[in-house]
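Notes follow once the structure below has been shown.
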Amino acid sequence: MTKSVASISEVTLPRVASEIPFYKPHGSEVELFEHAFSQQLPLLIKGPTGCGKTRFVTHMAARLKRPLYTVSCHDDLTATDLVGRHLINDSGTYWNDGPLTRAVREGGICYLDEVVEARKDTTVVLHPLTDDRRILPLERTGEILQAPPQFMLVVSYNPGYQNFLKGMKPSTRQRFVSLRFGFPQPELEQDVVIAETGIDPETAKLLVKLVSALRSLKAHDLEEVASTRLVVYAASLIKNGFAPVAACRAALVEALTDDEEIINALMEVVNACFGE
Amino acid sequence: MPELFVGKLWDRLIKRAVEHRVINTQVLFEDIVKPAGILFRALGGDAGLALKISQSTHHQGERSWLRRVARSEEKIELAWRDDEALYLPSSINLFPDASLNRELYFWLAALAVEIRDGSWFIENQQATARLLNKFPGLNARYQRLLHATLLCRPDIGSLSTDNAAQEEILRQALTMPGYKSLLPQAQYPWHPVHLWLHPSPPLSANTPSAPPARLKEFEQNENSKLVAQDQRKHKAERQDIQERKDGFMMFFRAESILSWAEYIKVNRPTDDDENEDAQRAADQMDVITVTRDGKSTASRIRFDLDLPPEESDDMPLEEGILLPEWHYKKNQLLTDHCRVQSMVAINATPSALPAHLTVTAQRIRRQFETLVSVRAWQKKQDEGAEIDMDAYVQHKVERQRGAFVANNGLFKTLYAQERNLSCLLLADISQSTDAYVNNNMRIIDVIRDSLFLFSEALFVTADQFGLYAFSSLRRDQVRFHVIKSFSEKYNDQVRGRINAIKPGYYTRMGAAIRHAGSLLSKQVSHQRILLLLTDGKPNDLDWYEGRYGIEDTRMALNEVRAQGIRPFCVTIDEKAGSYLPYLFGAGGFIVIHDPSQLPHKLLSLYTKIIP
Ligand SMILES: Nc1ncnc2c1ncn2[C@@H]1O[C@H](COP(=O)(O)OP(=O)(O)OP(=O)(O)O)[C@@H](O)[C@H]1O
Ligand SMILES: [Mg+2]
């Protein structure tokens with residue numbers, strides 16, 4: 001779903017997804033999303049990488065039958081990239097909508113992933129959109145767009161991320177309904193892994209046990225924590241015939257660190273689960 | 001005949017078991033401590049526990065099997081866990097195969113996660129069973145270890161009836177853990193069970209309460225004397241001395257006993273209280289313990305050279321780095337004149353940013369953030385946020401003239417300024433920083449806060465930085481504390497070390513700057529900055545004072561400049577010395593009179609530093 005900003009002008013408008021992607025709720029987040037949607041409130045999702053934020057939003061957009069514009073923010077992303085810009089052709093210049101503007105025009109959902117990564121000025125355009133005015137002024141064209149009721153802004157960021165300092169201003173943050181994602185409970189994570197890969201429950205259980213063990217190393221030994229995404233990767237490797245120990249090494253252990261000594265230690269943990 | 005065959009195998013094994021002391025199958029604690037710690041924590045072990053080497057236990061059973069067979073004096077190191085640490089043997093050389101010895105370490109670390117209080121015999125079995133059930137991958141490992149262990153255990157046929165029965169039960173408990181609840185008594189103690197944890201042993205001599213029953217049971221059976229006990233007692237003794245109120249203890253180097261004696265007779269004009277001065281000097285000294293009753297110098301001297309390194313809070317990292325010193329009168333660089341000793345506070349407890357700094361830190365971070373996003377418009381780009389009007393008009397004009405022009409470079413875009421900077425913070429933590437700047441802060445406190453705030457700032461700007469502190473005690477002991485090396489992350493550990501800095505000794509600035517310079521020059525950044533945090537002048541116990549010290553410092557600064565390093569100085573001093581411009585140049589320093597100015601000053605300094 002994620003498109004780079006450079007290419008977004010060329011792709012056709014996203015349609016409402018015909019199939020609802022699988023999403024296993026942790027709690028009442030589906031209801032909360034629906035509530036925010038109907039109340040026309042913007043939504044903020046906090047959570048570590050790979051815990052299902054994108055999947056959740058994709059799922060909800062399909063469920064609510066709204067087109068979804070996903071923007072992965074990065075530190076060069078500017079307000080212009082969201083709103084749009086003038087381009088040049090033979091006859092002169094013409095205006096080209098950015099993904100945010102399109103979502104507003106169409107009454108879609110705009111999802112700004114890792115919003116703290118974006119340049120400061122991006123938040124400026126979000127302010128009037130997220131308060132009760134719900135407008136998007138296009139400075140360059142003089143247009144002022146009134147967002148339709150179906151328009152919804154969803155942003156996410158990872159609070160434990162290194163650049164937590166770049167966190168949003170309270171004045172922006174306080175406009176949002178917030179949702180915090182963590183890693184799912186073992187049984188739930190197990191279900192996700194099974195549903196995503198079709199792996200046998202026994203292996204799924206062990207994988208989840210392994211990943212919980214690795215997560216407990218956060219802070220003391222590891223800076224990164226293994227995500228559900230990584231478990232899903234490991235499971236699909238195993239499902240495709242990889243030996244579990246090798247799969248865990250490739251998908252989980254190597255993704256967490258480059259330090260060889262730590263890798264060896266983590267392999268001891270892998271062996272405790274899948275050793276032979 | 002199977003018995004015969006087994007007997008032969010047995011003989012071979014015994015020989016190997018004895019020989020393997022020579023063959024290199026031994027695995028050392030050092031080699032596995034890190035991974036074993038990680039495994040322990042990953043499987044659910046308490047991250048607060050340290051991993052330590054267990055003290056060996058004399059296994060004194062008369063018929064201790066190995067001793068009997070091989071006539072070797074056997075010292076056994078077992079593993080156990082208590083509230084503070086997980087103790088593992090200093091080395092394992094039990095099996096004739098290094099990988100098995102290694103696996104045993106990991107097994108013990110894993111078992112330590114599961115073990116709970118209870119009877120040694122029952123709890124070890126149950127912990128084993130629980131562990132194998134939770135982590136099925138360990139089954140294969142356990143089977144390998146079990147197999148090797150059983151081969152090392154005494155031949156049942158060679159034991160007396162009661163010991164044989166006992167051994168039989170032990171073997172069953174190992175093979176099918178969790179089912180045996182009673183270990184029969186026997187005349188002699190059993191052969192140690194290396195796959196199991198000891199019931200948290202070394203009984204400290206001063207433990208007032210009676211040992212728990214399980215321990216008694218174990219003690220009686222094992223009939224083992226714990227060497228560790230002596231050591232504990234020894235430590236306690238020494239502790240007593242340290243805590244004596246009537247005398248005081250000092251630590252210093254052997255060769256400086258005389259200089260110490262000399263020193264306290266010198267009436268330092270700067271200090272009004274001679275005793276306090278002596279006390280202070282004494283506190284600053286290192287390595288040898290001396291007790292003094294307060295009347296005569298060194299009337300009671302107690303050498304305690306056996307102090308283990310972890311007993312002193314600063315561990316020397318290396319033998320020392322030799323550096324030159326500038327003798328301005330001779331106009332000569334004295335080579336190898338100073339010795340720098342790198343040390344790291346190993347006992348510093350990790351900590352968060354101090355509460356009194358959170359608000360300031362937040363402000364600093366926000367200010368510094370703006371520094372990060374200093375960007376400039378780059379014109380004539382093929383892609384960009386804005387149309388480059390100049391280029392566009394030009395383009396239009398050209399086209400209207402009928403010229404063929406490509407649609408290139410009509411946009412402008414914002415670029416972040418590439419900054420590639422390494423900054424080394426060098427804090428003076430000499431005794432003089434113990435002085436108060438105002439009613440509630442000492443200089444050292446301001447320095448500590450500066451280290452914190454600077455770290456916060458540099459962390460935001462994502463610049464490379466290292467934190468070091470120094471003091472000195474004559475030219476042979478320039479103490480260089482590593483708070484955070486460039487490669488280390490700024491984390492709670494580092495903050496703990498910042499917290500741990502405390503004033504002591506003197507200020508041999510030149511050597512410290514030279515050493516800092518050599519660390520910085522190893523950094524590959526475009527820009528290298530040496531930031532000195534100090535309260536004033538260079539000085540040391542010897543002639544390193546006044547002009548001599550200033551000139552050497554100046555020379556050292558020139559040397560680092562020649563290496564492409566830019567030195568800056570933050571001085572915390574009301575009466576900022578006139579020598580500062582001499583050393584750092586007009587724009588090369590800032591003076592802080594009031595610590596509350598710090599955030600503001602830091603920012604202005606930093607904007608000065610960065611391009
Ligand atoms: N609750 C869930 N239901 C279904 N799948 C899930 C769930 N949680 C995680 N997943 C799986 O984890 C993968 C990663 O999730 P997703 O891409 O949504 O993470 P994210 O939180 O958006 O991460 P990032 O911050 O890195 O973008 C998904 O592709 C999906 O396979
Ligand atoms: Mg995502």
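Starting from 1 in every chain, residues are counted up; chains themselves are A, B, ... following the order of the structure tokens, and ligands are numbered from 1 as listed.
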Item to complete: Around ligand 2, at most 10 Å away and counting only C-alpha atoms and all ligand atoms, which residues are there? Put them as a PyMOL selection string, please.
Response: chain A and resi 1-2+47-58+70-72+111-114+156-157+229
Since we have the selection now, will you write its residues out, keeping N, CA and C atoms, as a PDB file, in the first residue's frame?
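Output saved as out.pdb:
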```
ATOM      1  N   MET A   1       0.824  -1.195   0.000  1.00  0.00           N
ATOM      2  CA  MET A   1       0.000   0.000   0.000  1.00  0.00           C
ATOM      3  C   MET A   1       0.864   1.252   0.000  1.00  0.00           C
ATOM      4  N   THR A   2       2.061   1.105   0.566  1.00  0.00           N
ATOM      5  CA  THR A   2       2.883   2.274   0.743  1.00  0.00           C
ATOM      6  C   THR A   2       3.546   2.666  -0.561  1.00  0.00           C
ATOM      7  N   GLY A  47       3.242   2.732  18.729  1.00  0.00           N
ATOM      8  CA  GLY A  47       3.621   1.335  18.897  1.00  0.00           C
ATOM      9  C   GLY A  47       4.931   1.029  18.218  1.00  0.00           C
ATOM     10  N   PRO A  48       5.583   0.007  18.696  1.00  0.00           N
ATOM     11  CA  PRO A  48       6.874  -0.371  18.109  1.00  0.00           C
ATOM     12  C   PRO A  48       6.706  -0.873  16.682  1.00  0.00           C
ATOM     13  N   THR A  49       7.795  -0.945  15.983  1.00  0.00           N
ATOM     14  CA  THR A  49       7.739  -1.377  14.594  1.00  0.00           C
ATOM     15  C   THR A  49       7.274  -2.836  14.490  1.00  0.00           C
ATOM     16  N   GLY A  50       6.544  -3.099  13.441  1.00  0.00           N
ATOM     17  CA  GLY A  50       6.132  -4.476  13.159  1.00  0.00           C
ATOM     18  C   GLY A  50       5.096  -5.054  14.094  1.00  0.00           C
ATOM     19  N   CYS A  51       4.311  -4.193  14.768  1.00  0.00           N
ATOM     20  CA  CYS A  51       3.337  -4.745  15.710  1.00  0.00           C
ATOM     21  C   CYS A  51       1.948  -4.749  15.087  1.00  0.00           C
ATOM     22  N   GLY A  52       1.828  -4.372  13.835  1.00  0.00           N
ATOM     23  CA  GLY A  52       0.541  -4.485  13.168  1.00  0.00           C
ATOM     24  C   GLY A  52      -0.189  -3.178  12.931  1.00  0.00           C
ATOM     25  N   LYS A  53       0.486  -2.054  13.067  1.00  0.00           N
ATOM     26  CA  LYS A  53      -0.191  -0.771  12.884  1.00  0.00           C
ATOM     27  C   LYS A  53      -0.698  -0.620  11.444  1.00  0.00           C
ATOM     28  N   THR A  54       0.216  -0.844  10.513  1.00  0.00           N
ATOM     29  CA  THR A  54      -0.160  -0.681   9.112  1.00  0.00           C
ATOM     30  C   THR A  54      -1.269  -1.657   8.737  1.00  0.00           C
ATOM     31  N   ARG A  55      -1.107  -2.875   9.213  1.00  0.00           N
ATOM     32  CA  ARG A  55      -2.114  -3.884   8.915  1.00  0.00           C
ATOM     33  C   ARG A  55      -3.476  -3.472   9.449  1.00  0.00           C
ATOM     34  N   PHE A  56      -3.458  -2.917  10.639  1.00  0.00           N
ATOM     35  CA  PHE A  56      -4.696  -2.494  11.279  1.00  0.00           C
ATOM     36  C   PHE A  56      -5.381  -1.407  10.453  1.00  0.00           C
ATOM     37  N   VAL A  57      -4.614  -0.424  10.042  1.00  0.00           N
ATOM     38  CA  VAL A  57      -5.199   0.683   9.291  1.00  0.00           C
ATOM     39  C   VAL A  57      -5.725   0.182   7.939  1.00  0.00           C
ATOM     40  N   THR A  58      -4.944  -0.677   7.312  1.00  0.00           N
ATOM     41  CA  THR A  58      -5.374  -1.237   6.027  1.00  0.00           C
ATOM     42  C   THR A  58      -6.694  -1.990   6.192  1.00  0.00           C
ATOM     43  N   THR A  70      -1.464   5.836   2.028  1.00  0.00           N
ATOM     44  CA  THR A  70      -0.444   5.634   3.052  1.00  0.00           C
ATOM     45  C   THR A  70       0.809   6.390   2.664  1.00  0.00           C
ATOM     46  N   VAL A  71       1.327   7.150   3.580  1.00  0.00           N
ATOM     47  CA  VAL A  71       2.589   7.848   3.332  1.00  0.00           C
ATOM     48  C   VAL A  71       3.580   7.438   4.412  1.00  0.00           C
ATOM     49  N   SER A  72       4.679   6.836   3.990  1.00  0.00           N
ATOM     50  CA  SER A  72       5.739   6.530   4.947  1.00  0.00           C
ATOM     51  C   SER A  72       6.600   7.759   5.089  1.00  0.00           C
ATOM     52  N   TYR A 111      -3.051   7.897   5.912  1.00  0.00           N
ATOM     53  CA  TYR A 111      -2.280   7.309   7.002  1.00  0.00           C
ATOM     54  C   TYR A 111      -0.824   7.754   6.890  1.00  0.00           C
ATOM     55  N   LEU A 112      -0.397   8.517   7.863  1.00  0.00           N
ATOM     56  CA  LEU A 112       0.993   8.972   7.892  1.00  0.00           C
ATOM     57  C   LEU A 112       1.773   8.087   8.859  1.00  0.00           C
ATOM     58  N   ASP A 113       2.536   7.194   8.286  1.00  0.00           N
ATOM     59  CA  ASP A 113       3.292   6.236   9.073  1.00  0.00           C
ATOM     60  C   ASP A 113       4.578   6.898   9.565  1.00  0.00           C
ATOM     61  N   GLU A 114       4.958   6.639  10.787  1.00  0.00           N
ATOM     62  CA  GLU A 114       6.181   7.237  11.368  1.00  0.00           C
ATOM     63  C   GLU A 114       6.181   8.748  11.214  1.00  0.00           C
ATOM     64  N   SER A 156       0.913   7.487  12.854  1.00  0.00           N
ATOM     65  CA  SER A 156       1.505   6.547  13.796  1.00  0.00           C
ATOM     66  C   SER A 156       2.933   6.952  14.066  1.00  0.00           C
ATOM     67  N   TYR A 157       3.397   6.573  15.206  1.00  0.00           N
ATOM     68  CA  TYR A 157       4.828   6.701  15.470  1.00  0.00           C
ATOM     69  C   TYR A 157       5.229   5.725  16.550  1.00  0.00           C
ATOM     70  N   ARG A 229       6.278  -8.965  13.032  1.00  0.00           N
ATOM     71  CA  ARG A 229       6.660  -9.121  11.634  1.00  0.00           C
ATOM     72  C   ARG A 229       7.787 -10.145  11.484  1.00  0.00           C
TER      73      ARG A 229
END
```
Discussion item. Excluding A:Leu138 and its own-chain neighbours fewer than 3 positions away, which residues fall within 9 Å of it when counting only C-alpha atoms? Please give them as a PyMOL selection string.
Written reply: chain A and resi 83-84+101+141-145
Worksheet item: Residues of chain B within 7 Å of chain A, using only C-alpha atoms, as JSON, numbers by chain?
Response: {"B": [35, 38, 39, 41, 42, 43, 44, 135, 136, 137, 138, 140, 385]}
For the residues in that selection, give me N, CA, C and O atoms as a compact mmCIF listing (two decimals), in the first residue's frame.
```
# COMPACT_ATOMS: atom_id res chain seq x y z
N PRO B 35 27.51 -14.58 26.80
CA PRO B 35 26.38 -15.34 26.25
C PRO B 35 25.56 -16.08 27.31
O PRO B 35 24.34 -16.16 27.20
N ILE B 38 23.20 -13.69 28.76
CA ILE B 38 22.10 -13.40 27.84
C ILE B 38 21.08 -14.54 27.85
O ILE B 38 19.87 -14.32 27.92
N LEU B 39 21.58 -15.77 27.83
CA LEU B 39 20.67 -16.91 27.86
C LEU B 39 19.86 -16.90 29.16
O LEU B 39 18.64 -17.08 29.14
N ARG B 41 19.05 -14.41 31.06
CA ARG B 41 18.03 -13.36 31.05
C ARG B 41 16.92 -13.66 30.04
O ARG B 41 15.75 -13.41 30.31
N ALA B 42 17.30 -14.21 28.90
CA ALA B 42 16.28 -14.48 27.87
C ALA B 42 15.29 -15.52 28.36
O ALA B 42 14.09 -15.42 28.10
N LEU B 43 15.76 -16.52 29.08
CA LEU B 43 14.85 -17.56 29.53
C LEU B 43 14.03 -17.12 30.74
O LEU B 43 13.23 -17.88 31.26
N GLY B 44 14.27 -15.90 31.18
CA GLY B 44 13.44 -15.37 32.25
C GLY B 44 14.20 -15.09 33.53
O GLY B 44 13.58 -14.73 34.54
N PHE B 135 11.32 -25.44 27.50
CA PHE B 135 12.19 -25.23 26.35
C PHE B 135 12.64 -26.56 25.77
O PHE B 135 13.71 -27.06 26.08
N PRO B 136 11.79 -27.11 24.94
CA PRO B 136 12.04 -28.47 24.46
C PRO B 136 13.35 -28.60 23.69
O PRO B 136 13.91 -29.69 23.61
N GLY B 137 13.85 -27.49 23.16
CA GLY B 137 15.12 -27.54 22.45
C GLY B 137 16.26 -27.95 23.35
O GLY B 137 17.32 -28.37 22.88
N LEU B 138 16.05 -27.82 24.65
CA LEU B 138 17.12 -28.18 25.59
C LEU B 138 17.20 -29.68 25.83
O LEU B 138 18.17 -30.16 26.40
N ALA B 140 17.70 -32.18 23.82
CA ALA B 140 18.84 -32.83 23.17
C ALA B 140 20.12 -32.53 23.92
O ALA B 140 20.95 -33.40 24.15
N ALA B 385 10.56 20.68 -3.99
CA ALA B 385 9.29 21.10 -3.43
C ALA B 385 8.75 22.33 -4.13
O ALA B 385 7.55 22.54 -4.20
```
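Residues surrounding B:Val437 within 12 Å are Ser432, Thr433, Asp434, Asn440, Met441, Arg442, Ile443, Ile444, Asp445, Val446, Ile447, Asp535, Thr571, Ile572, Asp573, Glu574, Lys575, Ile592, His593, Asp594, Pro595 and Ser596 of chain B [only C-alpha atoms; sequence separation below 3 positions excluded].
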Item to complete: Could you please determine the separation between atom CA of B:Met555 and atom CA of B:Gly588 in Å, to one decimal place?
Response: 15.5 Å
